[in-house]
Amino acid sequence: MASPGEVQEVQVEPMVEDRSDADRATGSWGLREWGLLVSVCAAFFLDALDNIMVGIAVPPIQDDLGMSTESVQWIVSSYVLGFGGFLLLGGRMADLLGRRRMFLIGVAVFAVGSLVGGVTEEGLVVIAARFVMGVGAAFTAPASLSIIMGTFPAGAQRNRAVGIYTACGAVGYSTGVIVGGTLTEINWRWTFLLPVAVAVVAMAGAMVLVPRDVRKERGGEKFDVAGAVTVTGAMLLLVYSIVEAPEAGWFAPRTLLVFAAAVVLLLAFAAIERRACQPLLRLGLLRNKALLGASLVAAAILGTYMSFQFIGGLYLQSLRGWSPMEMALAFLPIGLLIMTIAPRAGKLIARFGIQWMIFAGFAAYTASYLLFLRIDGDSSYLWVILPSILLIGIAFPFSFPAANVQATSGVDESELGLAAGVLQTGYQVGAAVVLAIVTASMAVEHTGSGEGAGTLSGYHNGLWVVTGISLLTMVLTFVAALKASPRRRAAAGR
């Protein structure tokens with residue numbers, strides 16, 4: 001198995017300062033290329049915007065609709081369930097049925113779910129709408145990334161496009177924390193209704209600017225229905241078991257039964273794919289070290305960051321008594337730094353290479369989490385909290401674009417959507433697993449003088465888990481970067 005960041009097939013050409021005029025002309029983008037990129041990136045913007053806004057709106061939703069604490073958490077969890085459960089299917093359908101088509105369908109499904117969630121008076125319908133939105137995102141995310149990879153040629157242009165893709169997510173995050181807080185003050189329903197307008201704009205742009213899918217002659221090919229049913233069922237059960245485990249208990253009969261059912265379906269899926277004439281997932285793709293390494297990196301990126309944000313939010317709001325808007329402003333520098341650095345990620349990847357960029361990102365993540373361990377009952381924002389925030393803002397645009405480029409490098413054009421789905425599954429499953437482990441560690445019995453001390457000790461327990469995972473990933477990516485350096489120097493000398 002590949003370590004995070006390990007790759008043997010990927011070669012990134014070093015940046016040459018004295019490029020010819022012809023090279024510059026080749027690398028220039030016209031209005032159509034920019035329009036296509038912005039339209040497709042709007043899906044990533046929409047996902048970040050919506051998740052931040054809805055996260056802020058959960059308490060008012062609970063009060064307005066009279067939902068219990070146990071049910072209201074499913075407003076967040078149902079989205080994760082739909083997203084993680086349908087990602088592999090969404091990625092493969094983008095390859096088989098057309099990336100533009102699946103992108104438009106995914107955005108439309110997302111918009112319908114958001115609209116229903118914004119007008120309903122029933123909490124259960126809000127949860128169902130969030131699940132539908134997650135399914136829409138599961139079709140949109142692989143399609144959008146594979147459209148970028150299929151449109152922009154490998155090298156500087158693709159690296160630059162992926163950097164801008166990352167920046168659009170940061171814009172959604174940055175605006176989401178402010179807009180979400182403002183709209184929630186007016187009425188929580190606007191946090192569902194605003195994304196509908198954004199989705200309509202994204203659909204209109206994609207319909208005009210994204211080229212139509214080339215119709216493929218399939219000669220009697222049949223869609224792998226059995227594979228689709230088993231893998232989707234397996235992913236749904238796997239994500240459900242992870243989401244529910246902290247509440248039900250990791251070794252509770254229900255948790256073990258659901259997890260066992262997921263494993264059985266995965267084994268059935270593998271058996272089906274080995275015998276299928278036209279498999280939904282070519283199992284050989286999972287032996288691609290670049291894709292596997294990038295997916296593990298993706299799990300560590302989102303798993304540690306989401307856990308850090310979870311702990312940071314509890315610390316600032318529950319222990320320190322900050323308002324949601326104050327917390328949003330505290331985390332705002334992360335989005336601003338990503339917006340600034342990410343568009344330049346292509347040049348950085350070309351100069352230093354994918355593996356060194358991922359390692360640098362995790363060095364910054366690890367330093368950030370270590371610094372945040374200094375928090376106490378009255379820590380200064382400027383000297384204790386802000387340094388961690390700034391390092392996260394540097395780490396994300398270093399690691400995220402590089403992982404995306406690595407995942408699709410060397411993948412055949414016909415499987416770009418599926419590769420993007422595997423990568424996105426790494427992000428979502430990693431976030432769910434690491435957050436569940438961190439939550440369990442925070443509940444470990446602790447000692448201290450008073451309730452506040454015990455709570456702070458729980459935050460420290462969770463941060464040590466986050467730091468340990470980040471440190472391990474940093475070491476593994478450092479080893480991968482050292483292994484890649486000779487090949488990179490050899491390529492530069494040719």
# chains A, B, ... in the order shown; residues from 1 in each chain; ligands from 1
call {"tool": "residues_around", "arguments": {"residues": "Leu115 of chain A", "least_positions_apart": "5", "cutoff": "7 Å", "atoms": "only C-alpha atoms", "output": "list in words"}}
result
Phe192, Leu193 and Val196 of chain A
call {"tool": "write_last_selection", "arguments": {"atoms": "N, CA and C atoms", "output": "short mmCIF file (atom, residue, chain, number, x, y, z; two decimals), in the first residue's frame"}}
result
data_model
loop_
_atom_site.label_atom_id
_atom_site.label_comp_id
_atom_site.auth_asym_id
_atom_site.auth_seq_id
_atom_site.Cartn_x
_atom_site.Cartn_y
_atom_site.Cartn_z
N PHE A 192 -30.81 28.40 3.16
CA PHE A 192 -31.16 27.37 2.17
C PHE A 192 -31.53 28.01 0.83
N LEU A 193 -32.15 29.16 0.86
CA LEU A 193 -32.67 29.76 -0.37
C LEU A 193 -31.59 30.46 -1.18
N VAL A 196 -29.83 28.32 -3.79
CA VAL A 196 -30.63 28.03 -4.99
C VAL A 196 -30.26 29.01 -6.10
#
call {"tool": "closest_atom_pairs", "arguments": {"of": "segment 109-209 of chain A", "to": "segment 227-243 of chain A", "cutoff": "12 Å", "atoms": "only C-alpha atoms", "output": "CSV"}}
result
residue,atom,partner,partner_atom,distance
A:Phe131,CA,A:Leu236,CA,11.1
A:Gly134,CA,A:Leu236,CA,11.7
A:Val135,CA,A:Leu236,CA,10.9
A:Ala138,CA,A:Thr232,CA,11.3
call {"tool": "write_last_selection", "arguments": {"atoms": "N, CA and C atoms", "output": "PDB file, in the first residue's frame"}}
result
ATOM      1  N   PHE A 131     -30.067  15.402   2.750  1.00  0.00           N
ATOM      2  CA  PHE A 131     -29.573  14.174   2.137  1.00  0.00           C
ATOM      3  C   PHE A 131     -29.575  14.306   0.618  1.00  0.00           C
ATOM      4  N   GLY A 134     -26.768  16.383  -0.496  1.00  0.00           N
ATOM      5  CA  GLY A 134     -25.523  15.624  -0.475  1.00  0.00           C
ATOM      6  C   GLY A 134     -25.372  14.734  -1.698  1.00  0.00           C
ATOM      7  N   VAL A 135     -26.480  14.115  -2.123  1.00  0.00           N
ATOM      8  CA  VAL A 135     -26.445  13.293  -3.338  1.00  0.00           C
ATOM      9  C   VAL A 135     -26.107  14.162  -4.550  1.00  0.00           C
ATOM     10  N   ALA A 138     -22.539  14.835  -4.557  1.00  0.00           N
ATOM     11  CA  ALA A 138     -21.770  13.643  -4.900  1.00  0.00           C
ATOM     12  C   ALA A 138     -21.646  13.457  -6.410  1.00  0.00           C
TER      13      ALA A 138
END
call {"tool": "select_by_dssp", "arguments": {"residues": "segment 198-432 of chain A", "states": "alpha helix (DSSP H)", "output": "PyMOL selection string"}}
result
chain A and resi 198-209+225-248+253-275+289-314+324-341+345-352+354-372+386-408+416-432
call {"tool": "atom_distance", "arguments": {"atom1": "atom CA of Gly118 of chain A", "atom2": "atom CA of Thr175 of chain A"}}
result
19.4 Å
call {"tool": "atom_distance", "arguments": {"atom1": "atom CA of Asn461 of chain A", "atom2": "atom CA of Ile311 of chain A"}}
result
10.2 Å
call {"tool": "closest_residue", "arguments": {"among": "A:Cys41, A:Ala436, A:Val405, A:Val208", "to": "Ala298 of chain A", "atoms": "only C-alpha atoms"}}
result
A:Val405
call {"tool": "residues_around", "arguments": {"residues": "Leu416 of chain A", "least_positions_apart": "3", "cutoff": "9 Å", "atoms": "only C-alpha atoms", "output": "list of chain:residue names"}}
result
A:Gly91, A:Arg92, A:Ala94, A:Asp95, A:Pro142, A:Ala143, A:Leu145, A:Ser146, A:Ile147, A:Met149, A:Gly150, A:Thr408, A:Val411, A:Asp412, A:Glu413, A:Ala419, A:Ala420, A:Gly421
call {"tool": "closest_atom_pairs", "arguments": {"of": "segment 386-469 of chain A", "to": "segment 317-341 of chain A", "cutoff": "9 Å", "atoms": "only C-alpha atoms", "output": "JSON lines"}}
result
{"residue": "A:Leu386", "atom": "CA", "partner": "A:Ala330", "partner_atom": "CA", "distance": 7.7}
{"residue": "A:Ile389", "atom": "CA", "partner": "A:Ile334", "partner_atom": "CA", "distance": 6.0}
{"residue": "A:Leu390", "atom": "CA", "partner": "A:Ile334", "partner_atom": "CA", "distance": 6.2}
{"residue": "A:Leu391", "atom": "CA", "partner": "A:Ile334", "partner_atom": "CA", "distance": 8.2}
{"residue": "A:Ile392", "atom": "CA", "partner": "A:Ile334", "partner_atom": "CA", "distance": 6.3}
{"residue": "A:Gly393", "atom": "CA", "partner": "A:Ile334", "partner_atom": "CA", "distance": 4.1}
{"residue": "A:Ile394", "atom": "CA", "partner": "A:Leu337", "partner_atom": "CA", "distance": 6.5}
{"residue": "A:Ala395", "atom": "CA", "partner": "A:Ile338", "partner_atom": "CA", "distance": 8.7}
{"residue": "A:Phe396", "atom": "CA", "partner": "A:Ile338", "partner_atom": "CA", "distance": 6.8}
{"residue": "A:Pro397", "atom": "CA", "partner": "A:Ile338", "partner_atom": "CA", "distance": 5.5}
{"residue": "A:Phe398", "atom": "CA", "partner": "A:Ile341", "partner_atom": "CA", "distance": 8.1}
{"residue": "A:Gly452", "atom": "CA", "partner": "A:Leu319", "partner_atom": "CA", "distance": 7.1}
{"residue": "A:Thr455", "atom": "CA", "partner": "A:Leu319", "partner_atom": "CA", "distance": 7.9}
{"residue": "A:Leu456", "atom": "CA", "partner": "A:Leu319", "partner_atom": "CA", "distance": 8.0}
call {"tool": "atom_distance", "arguments": {"atom1": "atom CA of Leu65 of chain A", "atom2": "atom CA of Glu121 of chain A"}}
result
6.7 Å
call {"tool": "closest_residue", "arguments": {"among": "A:Leu280, A:Ala432, A:Val162, A:Ile148", "to": "Leu96 of chain A", "atoms": "only C-alpha atoms"}}
result
A:Leu280
call {"tool": "closest_residue", "arguments": {"among": "A:Val119, A:Cys168, A:Ala360, A:Leu89", "to": "Ala226 of chain A", "atoms": "only C-alpha atoms"}}
result
A:Leu89
call {"tool": "closest_residue", "arguments": {"among": "A:Leu472, A:Val198, A:Leu370, A:Ala342", "to": "Gly163 of chain A", "atoms": "only C-alpha atoms"}}
result
A:Ala342
call {"tool": "closest_residue", "arguments": {"among": "A:Leu286, A:Ala48, A:Leu37, A:Val258", "to": "Ala170 of chain A", "atoms": "only C-alpha atoms"}}
result
A:Ala48
call {"tool": "residues_around", "arguments": {"residues": "Met102 of chain A", "least_positions_apart": "3", "cutoff": "7 Å", "atoms": "only C-alpha atoms", "output": "compact mmCIF listing (two decimals) with C-alpha atoms, in the first residue's frame"}}
result
# COMPACT_ATOMS: atom_id res chain seq x y z
CA ALA A 94 -19.67 11.18 -15.09
CA GLY A 98 -20.97 12.55 -19.68
CA ARG A 99 -19.31 14.98 -17.27
CA ILE A 105 -27.95 17.07 -13.05
CA GLY A 106 -26.01 17.26 -9.80
CA PHE A 139 -22.52 13.89 -8.62
CA THR A 140 -21.23 17.44 -8.98
CA ALA A 143 -17.76 15.87 -12.54
